[in-house]
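Participant: What follows is final-v4.cif; its format and atoms are mmCIF, N, CA and C atoms.
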data_my_file
#
loop_
_atom_site.group_PDB
_atom_site.id
_atom_site.type_symbol
_atom_site.label_atom_id
_atom_site.label_comp_id
_atom_site.auth_asym_id
_atom_site.auth_seq_id
_atom_site.Cartn_x
_atom_site.Cartn_y
_atom_site.Cartn_z
ATOM 1 N N MET Z 1 8.288 -52.825 53.376
ATOM 2 C CA MET Z 1 8.550 -51.557 52.729
ATOM 3 C C MET Z 1 10.043 -51.255 52.850
ATOM 4 N N SER Z 2 10.637 -50.832 51.749
ATOM 5 C CA SER Z 2 12.065 -50.531 51.734
ATOM 6 C C SER Z 2 12.310 -49.119 52.256
ATOM 7 N N THR Z 3 13.401 -48.980 52.987
ATOM 8 C CA THR Z 3 13.754 -47.660 53.508
ATOM 9 C C THR Z 3 14.976 -47.087 52.809
ATOM 10 N N SER Z 4 15.435 -47.748 51.732
ATOM 11 C CA SER Z 4 16.612 -47.243 51.018
ATOM 12 C C SER Z 4 16.223 -46.055 50.140
ATOM 13 N N THR Z 5 17.170 -45.180 49.930
ATOM 14 C CA THR Z 5 16.940 -44.030 49.064
ATOM 15 C C THR Z 5 17.153 -44.460 47.618
ATOM 16 N N PRO Z 6 16.656 -43.686 46.641
ATOM 17 C CA PRO Z 6 16.860 -44.047 45.229
ATOM 18 C C PRO Z 6 18.340 -44.222 44.889
ATOM 19 N N GLU Z 7 19.193 -43.392 45.455
ATOM 20 C CA GLU Z 7 20.624 -43.494 45.178
ATOM 21 C C GLU Z 7 21.195 -44.814 45.696
ATOM 22 N N GLU Z 8 20.703 -45.255 46.845
ATOM 23 C CA GLU Z 8 21.195 -46.497 47.440
ATOM 24 C C GLU Z 8 20.714 -47.721 46.666
ATOM 25 N N SER Z 9 19.583 -47.620 46.021
ATOM 26 C CA SER Z 9 19.038 -48.769 45.323
ATOM 27 C C SER Z 9 19.578 -48.913 43.902
ATOM 28 N N ARG Z 10 20.312 -47.933 43.409
ATOM 29 C CA ARG Z 10 20.904 -48.027 42.078
ATOM 30 C C ARG Z 10 22.116 -48.936 42.106
ATOM 31 N N SER Z 11 22.309 -49.647 40.997
ATOM 32 C CA SER Z 11 23.532 -50.439 40.893
ATOM 33 C C SER Z 11 24.686 -49.494 40.564
ATOM 34 N N SER Z 12 25.899 -49.957 40.748
ATOM 35 C CA SER Z 12 27.062 -49.087 40.562
ATOM 36 C C SER Z 12 27.246 -48.667 39.110
ATOM 37 N N ASP Z 13 26.692 -49.414 38.147
ATOM 38 C CA ASP Z 13 26.846 -49.034 36.742
ATOM 39 C C ASP Z 13 25.622 -48.277 36.208
ATOM 40 N N ASP Z 14 24.692 -47.936 37.070
ATOM 41 C CA ASP Z 14 23.496 -47.189 36.699
ATOM 42 C C ASP Z 14 23.799 -45.696 36.795
ATOM 43 N N HIS Z 15 23.665 -44.975 35.683
ATOM 44 C CA HIS Z 15 23.991 -43.554 35.642
ATOM 45 C C HIS Z 15 22.771 -42.737 35.218
ATOM 46 N N CYS Z 16 22.737 -41.500 35.630
ATOM 47 C CA CYS Z 16 21.678 -40.579 35.213
ATOM 48 C C CYS Z 16 21.966 -40.092 33.803
ATOM 49 N N THR Z 17 20.915 -39.910 33.026
ATOM 50 C CA THR Z 17 21.063 -39.369 31.679
ATOM 51 C C THR Z 17 21.153 -37.854 31.768
ATOM 52 N N PRO Z 18 22.152 -37.254 31.121
ATOM 53 C CA PRO Z 18 22.273 -35.789 31.146
ATOM 54 C C PRO Z 18 21.047 -35.126 30.511
ATOM 55 N N ASP Z 19 20.649 -33.985 31.034
ATOM 56 C CA ASP Z 19 19.481 -33.271 30.520
ATOM 57 C C ASP Z 19 19.549 -33.027 29.021
ATOM 58 N N ALA Z 20 20.718 -32.715 28.502
ATOM 59 C CA ALA Z 20 20.861 -32.413 27.080
ATOM 60 C C ALA Z 20 20.447 -33.583 26.195
ATOM 61 N N LEU Z 21 20.505 -34.795 26.720
ATOM 62 C CA LEU Z 21 20.127 -35.971 25.939
ATOM 63 C C LEU Z 21 18.664 -36.347 26.105
ATOM 64 N N LEU Z 22 17.958 -35.714 27.007
ATOM 65 C CA LEU Z 22 16.566 -36.065 27.275
ATOM 66 C C LEU Z 22 15.576 -35.351 26.372
ATOM 67 N N HIS Z 23 15.991 -34.315 25.701
ATOM 68 C CA HIS Z 23 15.072 -33.530 24.875
ATOM 69 C C HIS Z 23 14.862 -34.189 23.518
ATOM 70 N N SER Z 24 13.639 -34.168 23.045
ATOM 71 C CA SER Z 24 13.325 -34.771 21.757
ATOM 72 C C SER Z 24 13.271 -33.747 20.631
ATOM 73 N N ALA Z 25 13.371 -32.505 20.958
ATOM 74 C CA ALA Z 25 13.283 -31.452 19.943
ATOM 75 C C ALA Z 25 14.505 -31.465 19.044
ATOM 76 N N PRO Z 26 14.301 -31.223 17.757
ATOM 77 C CA PRO Z 26 15.432 -31.178 16.832
ATOM 78 C C PRO Z 26 16.315 -29.965 17.090
ATOM 79 N N ARG Z 27 17.595 -30.116 16.872
ATOM 80 C CA ARG Z 27 18.534 -29.000 17.054
ATOM 81 C C ARG Z 27 18.585 -28.099 15.830
ATOM 82 N N ASP Z 28 18.249 -28.631 14.673
ATOM 83 C CA ASP Z 28 18.221 -27.828 13.446
ATOM 84 C C ASP Z 28 16.761 -27.594 13.044
ATOM 85 N N LEU Z 29 16.087 -26.842 13.854
ATOM 86 C CA LEU Z 29 14.663 -26.588 13.741
ATOM 87 C C LEU Z 29 14.299 -25.859 12.452
ATOM 88 N N THR Z 30 13.254 -26.334 11.794
ATOM 89 C CA THR Z 30 12.738 -25.667 10.598
ATOM 90 C C THR Z 30 11.310 -25.205 10.869
ATOM 91 N N PRO Z 31 10.829 -24.242 10.095
ATOM 92 C CA PRO Z 31 9.428 -23.831 10.261
ATOM 93 C C PRO Z 31 8.454 -25.002 10.073
ATOM 94 N N GLU Z 32 8.774 -25.923 9.167
ATOM 95 C CA GLU Z 32 7.921 -27.091 8.966
ATOM 96 C C GLU Z 32 7.851 -27.941 10.238
ATOM 97 N N ASP Z 33 8.982 -28.078 10.935
ATOM 98 C CA ASP Z 33 8.989 -28.812 12.207
ATOM 99 C C ASP Z 33 8.039 -28.170 13.205
ATOM 100 N N MET Z 34 8.104 -26.848 13.298
ATOM 101 C CA MET Z 34 7.233 -26.127 14.238
ATOM 102 C C MET Z 34 5.769 -26.365 13.924
ATOM 103 N N VAL Z 35 5.414 -26.245 12.664
ATOM 104 C CA VAL Z 35 4.010 -26.416 12.260
ATOM 105 C C VAL Z 35 3.546 -27.839 12.565
ATOM 106 N N MET Z 36 4.354 -28.825 12.182
ATOM 107 C CA MET Z 36 3.952 -30.215 12.396
ATOM 108 C C MET Z 36 3.875 -30.557 13.884
ATOM 109 N N ALA Z 37 4.706 -29.940 14.703
ATOM 110 C CA ALA Z 37 4.669 -30.194 16.147
ATOM 111 C C ALA Z 37 3.359 -29.712 16.765
ATOM 112 N N THR Z 38 2.720 -28.743 16.144
ATOM 113 C CA THR Z 38 1.447 -28.249 16.655
ATOM 114 C C THR Z 38 0.258 -29.037 16.116
ATOM 115 N N GLY Z 39 0.521 -29.925 15.139
ATOM 116 C CA GLY Z 39 -0.562 -30.714 14.556
ATOM 117 C C GLY Z 39 -1.317 -29.987 13.466
ATOM 118 N N ARG Z 40 -0.807 -28.840 13.062
ATOM 119 C CA ARG Z 40 -1.467 -28.069 12.000
ATOM 120 C C ARG Z 40 -0.987 -28.527 10.627
ATOM 121 N N ASP Z 41 -1.754 -28.151 9.606
ATOM 122 C CA ASP Z 41 -1.326 -28.397 8.228
ATOM 123 C C ASP Z 41 -0.242 -27.398 7.860
ATOM 124 N N VAL Z 42 0.695 -27.839 7.017
ATOM 125 C CA VAL Z 42 1.756 -26.957 6.536
ATOM 126 C C VAL Z 42 1.187 -26.133 5.388
ATOM 127 N N THR Z 43 0.979 -24.860 5.658
ATOM 128 C CA THR Z 43 0.452 -23.918 4.669
ATOM 129 C C THR Z 43 1.324 -22.667 4.712
ATOM 130 N N PRO Z 44 1.208 -21.799 3.709
ATOM 131 C CA PRO Z 44 1.977 -20.561 3.774
ATOM 132 C C PRO Z 44 1.703 -19.760 5.054
ATOM 133 N N ALA Z 45 0.466 -19.749 5.505
ATOM 134 C CA ALA Z 45 0.118 -18.989 6.711
ATOM 135 C C ALA Z 45 0.744 -19.597 7.965
ATOM 136 N N THR Z 46 0.691 -20.932 8.099
ATOM 137 C CA THR Z 46 1.263 -21.560 9.288
ATOM 138 C C THR Z 46 2.793 -21.509 9.251
ATOM 139 N N LEU Z 47 3.384 -21.580 8.064
ATOM 140 C CA LEU Z 47 4.842 -21.443 7.960
ATOM 141 C C LEU Z 47 5.278 -20.037 8.356
ATOM 142 N N ASP Z 48 4.494 -19.041 7.958
ATOM 143 C CA ASP Z 48 4.800 -17.659 8.340
ATOM 144 C C ASP Z 48 4.702 -17.497 9.856
ATOM 145 N N TRP Z 49 3.670 -18.095 10.466
ATOM 146 C CA TRP Z 49 3.526 -18.072 11.929
ATOM 147 C C TRP Z 49 4.747 -18.703 12.599
ATOM 148 N N ALA Z 50 5.166 -19.862 12.082
ATOM 149 C CA ALA Z 50 6.299 -20.581 12.666
ATOM 150 C C ALA Z 50 7.585 -19.766 12.539
ATOM 151 N N ARG Z 51 7.805 -19.133 11.405
ATOM 152 C CA ARG Z 51 9.012 -18.308 11.228
ATOM 153 C C ARG Z 51 9.043 -17.163 12.235
ATOM 154 N N ARG Z 52 7.915 -16.498 12.407
ATOM 155 C CA ARG Z 52 7.854 -15.392 13.369
ATOM 156 C C ARG Z 52 8.112 -15.900 14.790
ATOM 157 N N LYS Z 53 7.505 -17.028 15.143
ATOM 158 C CA LYS Z 53 7.683 -17.592 16.481
ATOM 159 C C LYS Z 53 9.141 -17.992 16.714
ATOM 160 N N MET Z 54 9.768 -18.582 15.720
ATOM 161 C CA MET Z 54 11.172 -18.985 15.833
ATOM 162 C C MET Z 54 12.095 -17.778 15.952
ATOM 163 N N GLU Z 55 11.792 -16.724 15.221
ATOM 164 C CA GLU Z 55 12.595 -15.504 15.317
ATOM 165 C C GLU Z 55 12.484 -14.889 16.704
ATOM 166 N N ALA Z 56 11.297 -14.931 17.262
ATOM 167 C CA ALA Z 56 11.064 -14.319 18.576
ATOM 168 C C ALA Z 56 11.599 -15.171 19.726
ATOM 169 N N GLU Z 57 11.470 -16.508 19.617
ATOM 170 C CA GLU Z 57 11.780 -17.383 20.746
ATOM 171 C C GLU Z 57 12.968 -18.308 20.536
ATOM 172 N N GLY Z 58 13.454 -18.434 19.311
ATOM 173 C CA GLY Z 58 14.571 -19.334 19.034
ATOM 174 C C GLY Z 58 14.211 -20.783 19.328
ATOM 175 N N GLN Z 59 15.191 -21.567 19.809
ATOM 176 C CA GLN Z 59 14.994 -22.988 20.099
ATOM 177 C C GLN Z 59 13.913 -23.215 21.156
ATOM 178 N N ALA Z 60 13.713 -22.254 22.019
ATOM 179 C CA ALA Z 60 12.690 -22.395 23.065
ATOM 180 C C ALA Z 60 11.299 -22.534 22.491
ATOM 181 N N ALA Z 61 11.079 -22.075 21.270
ATOM 182 C CA ALA Z 61 9.763 -22.174 20.660
ATOM 183 C C ALA Z 61 9.319 -23.633 20.544
ATOM 184 N N ILE Z 62 10.193 -24.498 20.093
ATOM 185 C CA ILE Z 62 9.834 -25.908 19.957
ATOM 186 C C ILE Z 62 9.887 -26.625 21.295
ATOM 187 N N GLU Z 63 10.760 -26.183 22.182
ATOM 188 C CA GLU Z 63 10.862 -26.810 23.507
ATOM 189 C C GLU Z 63 9.553 -26.660 24.284
ATOM 190 N N LYS Z 64 8.788 -25.619 23.996
ATOM 191 C CA LYS Z 64 7.505 -25.432 24.671
ATOM 192 C C LYS Z 64 6.468 -26.431 24.162
ATOM 193 N N LEU Z 65 6.687 -26.939 22.947
ATOM 194 C CA LEU Z 65 5.745 -27.884 22.358
ATOM 195 C C LEU Z 65 6.153 -29.329 22.596
ATOM 196 N N LEU Z 66 7.458 -29.591 22.594
ATOM 197 C CA LEU Z 66 7.983 -30.942 22.763
ATOM 198 C C LEU Z 66 8.821 -31.008 24.027
ATOM 199 N N PRO Z 67 8.732 -32.101 24.739
ATOM 200 C CA PRO Z 67 9.533 -32.222 25.963
ATOM 201 C C PRO Z 67 11.017 -32.350 25.671
#
Translate the structure described by the file into structure tokens.
Facilitator:
Amino acid sequence: MSTSTPEESRSSDDHCTPDALLHSAPRDLTPEDMVMATGRDVTPATLDWARRKMEAEGQAAIEKLLP
């Protein structure tokens, strides 16, 4: 069993990925993106729901659905 820490076992050219690069959510979010992320059909009703959610929560709305 190894007693080295994760930092000690990394090679010198191994770097951590910044959090900003780990997110898969689009930066230019559209109501269609929101609807499709939930697995729903794109309809006038679901687009209206997505617009309201985006207005209330901004980018965080999609971040709650996508990592």
Participant: Write out as JSON an axis-aligned box for segment 55-63 of chain Z: all of its atoms listed in the file, 5 Å added on each side, centre and edge lengths in Å with one decimal.
Facilitator:
{"center_x": 12.3, "center_y": -20.6, "center_z": 19.8, "size_x": 15.9, "size_y": 22.5, "size_z": 19.1}
Participant: At what distance in Å, to one decimal, does atom CA of Arg52 of chain Z lie from atom N of Gly39 of chain Z?
Facilitator: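 Distance between the two atoms: 16.4 Å.
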Participant: Between atom CA of Leu47 of chain Z and atom CA of Leu29 of chain Z, what is the distance, to one decimal in Å?
Facilitator: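 Result for atom CA of Leu47 of chain Z versus atom CA of Leu29 of chain Z: 12.5 Å, one decimal.
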Participant: Residues within 7 Å of Ala50 of chain Z, please, as a PyMOL selection string. Count only C-alpha atoms; anything in the same chain fewer than 3 positions from it doesn't count.
Facilitator: chain Z and resi 31+34-35+46-47+53-54
Participant: Between atom CA of Gln59 of chain Z and atom CA of Asp33 of chain Z, what distance in Å does the model show, to one decimal?
Facilitator: 11.5 Å
Participant: For each of Z:Ala37, Z:Glu32, Z:Arg51, Z:Ala45, take the minimum atom-to-atom distance to Leu65 of chain Z, counting all atoms listed in the file, then give the residue where this is smallest.
Facilitator: Z:Ala37
Participant: For segment 43-58 of chain Z of the block above, can you save N, CA and C atoms as a CSV table (one decimal), in the first residue's frame?
Facilitator:
chain,number,residue,atom,x,y,z
Z,43,THR,N,-41.8,22.9,-26.7
Z,43,THR,CA,-43.1,23.4,-27.0
Z,43,THR,C,-43.2,24.9,-26.6
Z,44,PRO,N,-44.3,25.6,-27.0
Z,44,PRO,CA,-44.4,26.9,-26.5
Z,44,PRO,C,-44.5,27.0,-24.9
Z,45,ALA,N,-45.2,26.0,-24.3
Z,45,ALA,CA,-45.3,26.0,-22.9
Z,45,ALA,C,-44.0,25.7,-22.2
Z,46,THR,N,-43.2,24.8,-22.7
Z,46,THR,CA,-41.9,24.5,-22.1
Z,46,THR,C,-40.9,25.6,-22.3
Z,47,LEU,N,-41.0,26.3,-23.5
Z,47,LEU,CA,-40.1,27.4,-23.8
Z,47,LEU,C,-40.4,28.6,-22.8
Z,48,ASP,N,-41.7,28.8,-22.6
Z,48,ASP,CA,-42.1,29.8,-21.6
Z,48,ASP,C,-41.6,29.5,-20.2
Z,49,TRP,N,-41.7,28.2,-19.8
Z,49,TRP,CA,-41.2,27.8,-18.5
Z,49,TRP,C,-39.7,28.1,-18.4
Z,50,ALA,N,-38.9,27.8,-19.5
Z,50,ALA,CA,-37.5,28.0,-19.5
Z,50,ALA,C,-37.1,29.5,-19.5
Z,51,ARG,N,-37.9,30.3,-20.2
Z,51,ARG,CA,-37.6,31.8,-20.1
Z,51,ARG,C,-37.8,32.3,-18.7
Z,52,ARG,N,-38.9,31.9,-18.1
Z,52,ARG,CA,-39.1,32.4,-16.7
Z,52,ARG,C,-38.0,31.9,-15.8
Z,53,LYS,N,-37.6,30.6,-15.9
Z,53,LYS,CA,-36.6,30.1,-15.0
Z,53,LYS,C,-35.2,30.8,-15.3
Z,54,MET,N,-34.9,31.1,-16.5
Z,54,MET,CA,-33.7,31.8,-16.8
Z,54,MET,C,-33.7,33.2,-16.3
Z,55,GLU,N,-34.8,33.9,-16.4
Z,55,GLU,CA,-35.0,35.2,-15.9
Z,55,GLU,C,-34.8,35.3,-14.4
Z,56,ALA,N,-35.3,34.3,-13.7
Z,56,ALA,CA,-35.2,34.2,-12.2
Z,56,ALA,C,-33.9,33.7,-11.7
Z,57,GLU,N,-33.2,32.8,-12.4
Z,57,GLU,CA,-32.0,32.2,-11.9
Z,57,GLU,C,-30.7,32.5,-12.7
Z,58,GLY,N,-30.9,33.0,-13.9
Z,58,GLY,CA,-29.7,33.3,-14.8
Z,58,GLY,C,-29.0,32.0,-15.2
